[in-house]
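Asker: Could you have a look at this structure, given as structure tokens, before my questions?
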Amino acid sequence: MSDVLLSVEGLSLRFAGVRALTDVSFDVRHGQLFSVIGPNGAGKSSLFNCISGVYRPTSGSIRFDGTELVGRAPHRIAKLGIARTFQNVEVFPTMTVLENLLLARHHHMRGGVPAGVLWFGRARREEVAARRAVDRTIDFLGLGDLRHRRVGSLPHGLQKRVELGRTLAMEPKLLLLDEPVAGMNHDETQEMVRAIVRARQELGVAVVLVEHDMGVVMEISQEICVLDFGERIALGAPADVARDEAVLTAYLGGAL
Ligand SMILES: Nc1ncnc2c1ncn2[C@@H]1O[C@H](COP(=O)(O)OP(=O)(O)OP(=O)(O)O)[C@@H](O)[C@H]1O
Ligand SMILES: [Mg+2]
């Protein structure tokens with residue numbers, strides 16, 4: 001099926017004694033907003049670490065746009081068009097908003113650096129393209145007035161938006177967001193949700209969202225995969241997942 005962008009098949013990940021993921025499978029389509037939920041320790045971040053190449057799964061396959069990701073280094077996977085944010089804010093607090101985005105973009109282009117030094121023309125073209133992409137992203141996220149502010153001086157919600165900006169500046173096909181609204185107040189959450197939805201709608205980016213805020217998940221997801229103790233216990237549309245027996249049991253006393 002050509003509309004599948006990411007295909008996870010039979011994914012298992014074991015640490016000594018811990019089964020972080022067991023035989024997990026799902027597909028994410030181009031431009032889809034797909035959420036992965038589950039109680040603490042269910043394996044959500046581990047799944048992201050497998051997709052982005054930080055962890056090597058014990059078995060299974062992860063295909064992205066027709067390419068097998070298992071066994072590839074994180075920077076190669078990033079180059080294929082997968083960008084991610086982390087559960088904790090990952091920004092450079094002493095640098096400005098602009099510098100943070102430029103750095104993310106440069107990281108993305110690295111690998112061709114020696115060549116870039118030798119062939120000046122190409123390096124310059126890349127630099128111009130980087131500045132354009134970063135400027136577009138800053139405008140897109142409404143960060144124009146803050147571009148020269150040090151990120152460490154901004155409130156939490158804006159720091160998370162800068163972090164999102166760092167991923168969008170890479171112009172990815174797929175965005176992995178690990179708890180993007182964690183620790184946010186109501187207004188910050190609404191702003192972030194709007195930015196994520198617009199990234200999908202206006203930039204055509206597919207999003208895999210890991211989030212504990214069930215209100216947000218139910219509102220913006222097209223499909224939801226539920227993990228519990230590393231196993232997929234449900235997969236489907238928000239309305240179906242919300243009344244699934246196994247899901248209700250896993251969340252008993254929880255947020256649903
Ligand atoms: N590097 C590691 N070494 C050993 N065990 C790990 C490692 N990373 C994760 N685990 C274990 O794998 C399981 C899944 O952890 P993971 O962080 O993926 O859960 P999560 O769903 O992201 O949880 P949370 O909602 O709390 O962020 C847990 O039992 C965790 O302790
Ligand atoms: Mg996690």
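Ligands are numbered from 1 in the order shown, residues from 1 within each chain, and chains are lettered A, B, ... in the order they appear in the structure tokens.
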Could you give me, as a ChimeraX atom specification, every polymer residue with an atom at most 8 Å away from an atom of ligand 2, counting only C-alpha atoms and all ligand atoms?
Answerer: /A:40-41,43-46,87,178-179,210
Asker: Mind dumping the selected residues with N, CA, C and O atoms as a PDB file, in the first residue's frame?
Answerer:
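In the end it all went to result24.pdb:
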```
ATOM      1  N   ASN A  40       2.337   4.582  32.255  1.00  0.00           N
ATOM      2  CA  ASN A  40       3.779   4.756  32.453  1.00  0.00           C
ATOM      3  C   ASN A  40       4.496   3.427  32.275  1.00  0.00           C
ATOM      4  O   ASN A  40       4.049   2.390  32.777  1.00  0.00           O
ATOM      5  N   GLY A  41       5.603   3.456  31.568  1.00  0.00           N
ATOM      6  CA  GLY A  41       6.414   2.250  31.383  1.00  0.00           C
ATOM      7  C   GLY A  41       5.864   1.303  30.332  1.00  0.00           C
ATOM      8  O   GLY A  41       6.341   0.177  30.179  1.00  0.00           O
ATOM      9  N   GLY A  43       6.153   1.456  27.163  1.00  0.00           N
ATOM     10  CA  GLY A  43       7.075   1.250  26.051  1.00  0.00           C
ATOM     11  C   GLY A  43       7.026   2.323  24.974  1.00  0.00           C
ATOM     12  O   GLY A  43       7.631   2.168  23.908  1.00  0.00           O
ATOM     13  N   LYS A  44       6.340   3.428  25.261  1.00  0.00           N
ATOM     14  CA  LYS A  44       6.134   4.472  24.250  1.00  0.00           C
ATOM     15  C   LYS A  44       7.457   5.147  23.833  1.00  0.00           C
ATOM     16  O   LYS A  44       7.751   5.264  22.647  1.00  0.00           O
ATOM     17  N   SER A  45       8.227   5.568  24.836  1.00  0.00           N
ATOM     18  CA  SER A  45       9.509   6.217  24.501  1.00  0.00           C
ATOM     19  C   SER A  45      10.481   5.212  23.884  1.00  0.00           C
ATOM     20  O   SER A  45      11.258   5.556  22.984  1.00  0.00           O
ATOM     21  N   SER A  46      10.416   3.976  24.347  1.00  0.00           N
ATOM     22  CA  SER A  46      11.273   2.927  23.768  1.00  0.00           C
ATOM     23  C   SER A  46      10.958   2.747  22.285  1.00  0.00           C
ATOM     24  O   SER A  46      11.858   2.555  21.461  1.00  0.00           O
ATOM     25  N   GLN A  87      11.064  13.721  25.657  1.00  0.00           N
ATOM     26  CA  GLN A  87      10.134  13.878  26.773  1.00  0.00           C
ATOM     27  C   GLN A  87      10.512  15.106  27.609  1.00  0.00           C
ATOM     28  O   GLN A  87       9.660  15.795  28.130  1.00  0.00           O
ATOM     29  N   ASP A 178       7.231  13.343  21.659  1.00  0.00           N
ATOM     30  CA  ASP A 178       7.113  12.634  22.931  1.00  0.00           C
ATOM     31  C   ASP A 178       6.626  13.596  24.012  1.00  0.00           C
ATOM     32  O   ASP A 178       7.388  14.416  24.509  1.00  0.00           O
ATOM     33  N   GLU A 179       5.350  13.504  24.335  1.00  0.00           N
ATOM     34  CA  GLU A 179       4.697  14.339  25.362  1.00  0.00           C
ATOM     35  C   GLU A 179       4.923  15.838  25.140  1.00  0.00           C
ATOM     36  O   GLU A 179       5.459  16.523  26.009  1.00  0.00           O
ATOM     37  N   VAL A 210       3.033  10.868  21.192  1.00  0.00           N
ATOM     38  CA  VAL A 210       2.939  10.177  22.477  1.00  0.00           C
ATOM     39  C   VAL A 210       2.515  11.218  23.487  1.00  0.00           C
ATOM     40  O   VAL A 210       3.158  12.263  23.611  1.00  0.00           O
TER      41      VAL A 210
END
```
Asker: Would you kindly return, as a VMD selection string, each protein, DNA or RNA residue with an atom no farther than 6 Å from any atom of segment 53-63 of chain A, considering only C-alpha atoms and excluding same-chain residues fewer than 5 positions away?
Answerer: chain A and resid 6 to 13 68 to 69 73 to 74
Asker: Compare A:Lys173, A:Arg76, A:Arg149, A:Arg166 by their minimum atom-to-atom distance to Gly204 of chain A, counting only C-alpha atoms, and give me the closest one.
Answerer: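 Once distances to Gly204 of chain A are computed over only C-alpha atoms, the minimum belongs to A:Lys173.
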Asker: If you run DSSP on the backbone here, which positions in segment 112-227 of chain A get alpha helix (DSSP H)? Please write them as a VMD selection string.
Answerer: chain A and resid 113 to 118 120 to 140 156 to 168 186 to 203 214 to 220
Asker: Please, which residues of segment 87-210 of chain A, numbered as in this document, come out strand (DSSP E or B) from DSSP, as a count of residues only?
Answerer: 12
Asker: Which residues of segment 126-240 of chain A have any atom within 9 Å of an atom in segment 24-39 of chain A when counting only C-alpha atoms, and what is the closest pair of atoms for each, with the distance in Å to one decimal? Order the rows by chain and rising number and write it as JSON lines.
Answerer:
```
{"residue": "A:Lys173", "atom": "CA", "partner": "A:Gly31", "partner_atom": "CA", "distance": 8.0}
{"residue": "A:Leu174", "atom": "CA", "partner": "A:Gly31", "partner_atom": "CA", "distance": 8.1}
{"residue": "A:Val197", "atom": "CA", "partner": "A:Leu33", "partner_atom": "CA", "distance": 8.2}
{"residue": "A:Arg200", "atom": "CA", "partner": "A:Gly31", "partner_atom": "CA", "distance": 6.0}
{"residue": "A:Gln201", "atom": "CA", "partner": "A:Gly31", "partner_atom": "CA", "distance": 7.7}
{"residue": "A:Leu203", "atom": "CA", "partner": "A:Gly31", "partner_atom": "CA", "distance": 8.7}
{"residue": "A:Gly204", "atom": "CA", "partner": "A:Gly31", "partner_atom": "CA", "distance": 5.1}
{"residue": "A:Val205", "atom": "CA", "partner": "A:Gly31", "partner_atom": "CA", "distance": 5.1}
{"residue": "A:Ala206", "atom": "CA", "partner": "A:Gly31", "partner_atom": "CA", "distance": 3.9}
{"residue": "A:Val207", "atom": "CA", "partner": "A:Leu33", "partner_atom": "CA", "distance": 4.8}
{"residue": "A:Val208", "atom": "CA", "partner": "A:Phe34", "partner_atom": "CA", "distance": 4.8}
{"residue": "A:Leu209", "atom": "CA", "partner": "A:Ser35", "partner_atom": "CA", "distance": 4.5}
{"residue": "A:Val210", "atom": "CA", "partner": "A:Val36", "partner_atom": "CA", "distance": 5.0}
{"residue": "A:Glu211", "atom": "CA", "partner": "A:Ile37", "partner_atom": "CA", "distance": 6.3}
{"residue": "A:His212", "atom": "CA", "partner": "A:Ile37", "partner_atom": "CA", "distance": 6.9}
{"residue": "A:Met214", "atom": "CA", "partner": "A:Ile37", "partner_atom": "CA", "distance": 8.7}
{"residue": "A:Val217", "atom": "CA", "partner": "A:Ser35", "partner_atom": "CA", "distance": 6.8}
{"residue": "A:Ile220", "atom": "CA", "partner": "A:Leu33", "partner_atom": "CA", "distance": 7.3}
{"residue": "A:Ser221", "atom": "CA", "partner": "A:Leu33", "partner_atom": "CA", "distance": 5.3}
{"residue": "A:Gln222", "atom": "CA", "partner": "A:Leu33", "partner_atom": "CA", "distance": 5.6}
{"residue": "A:Glu223", "atom": "CA", "partner": "A:Phe34", "partner_atom": "CA", "distance": 5.1}
{"residue": "A:Ile224", "atom": "CA", "partner": "A:Ser35", "partner_atom": "CA", "distance": 4.7}
{"residue": "A:Cys225", "atom": "CA", "partner": "A:Val36", "partner_atom": "CA", "distance": 4.8}
{"residue": "A:Val226", "atom": "CA", "partner": "A:Ile37", "partner_atom": "CA", "distance": 5.0}
{"residue": "A:Leu227", "atom": "CA", "partner": "A:Gly38", "partner_atom": "CA", "distance": 4.9}
{"residue": "A:Asp228", "atom": "CA", "partner": "A:Gly38", "partner_atom": "CA", "distance": 5.6}
{"residue": "A:Phe229", "atom": "CA", "partner": "A:Pro39", "partner_atom": "CA", "distance": 8.2}
{"residue": "A:Gly230", "atom": "CA", "partner": "A:Val24", "partner_atom": "CA", "distance": 7.8}
{"residue": "A:Glu231", "atom": "CA", "partner": "A:Val24", "partner_atom": "CA", "distance": 6.2}
{"residue": "A:Arg232", "atom": "CA", "partner": "A:Val24", "partner_atom": "CA", "distance": 5.8}
{"residue": "A:Leu235", "atom": "CA", "partner": "A:Phe26", "partner_atom": "CA", "distance": 8.0}
```
Asker: At what distance in Å, to one decimal, does atom CA of Ile82 of chain A lie from atom CA of Ala20 of chain A?
Answerer: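 Rounded to one decimal, the two atoms are 22.0 Å apart.
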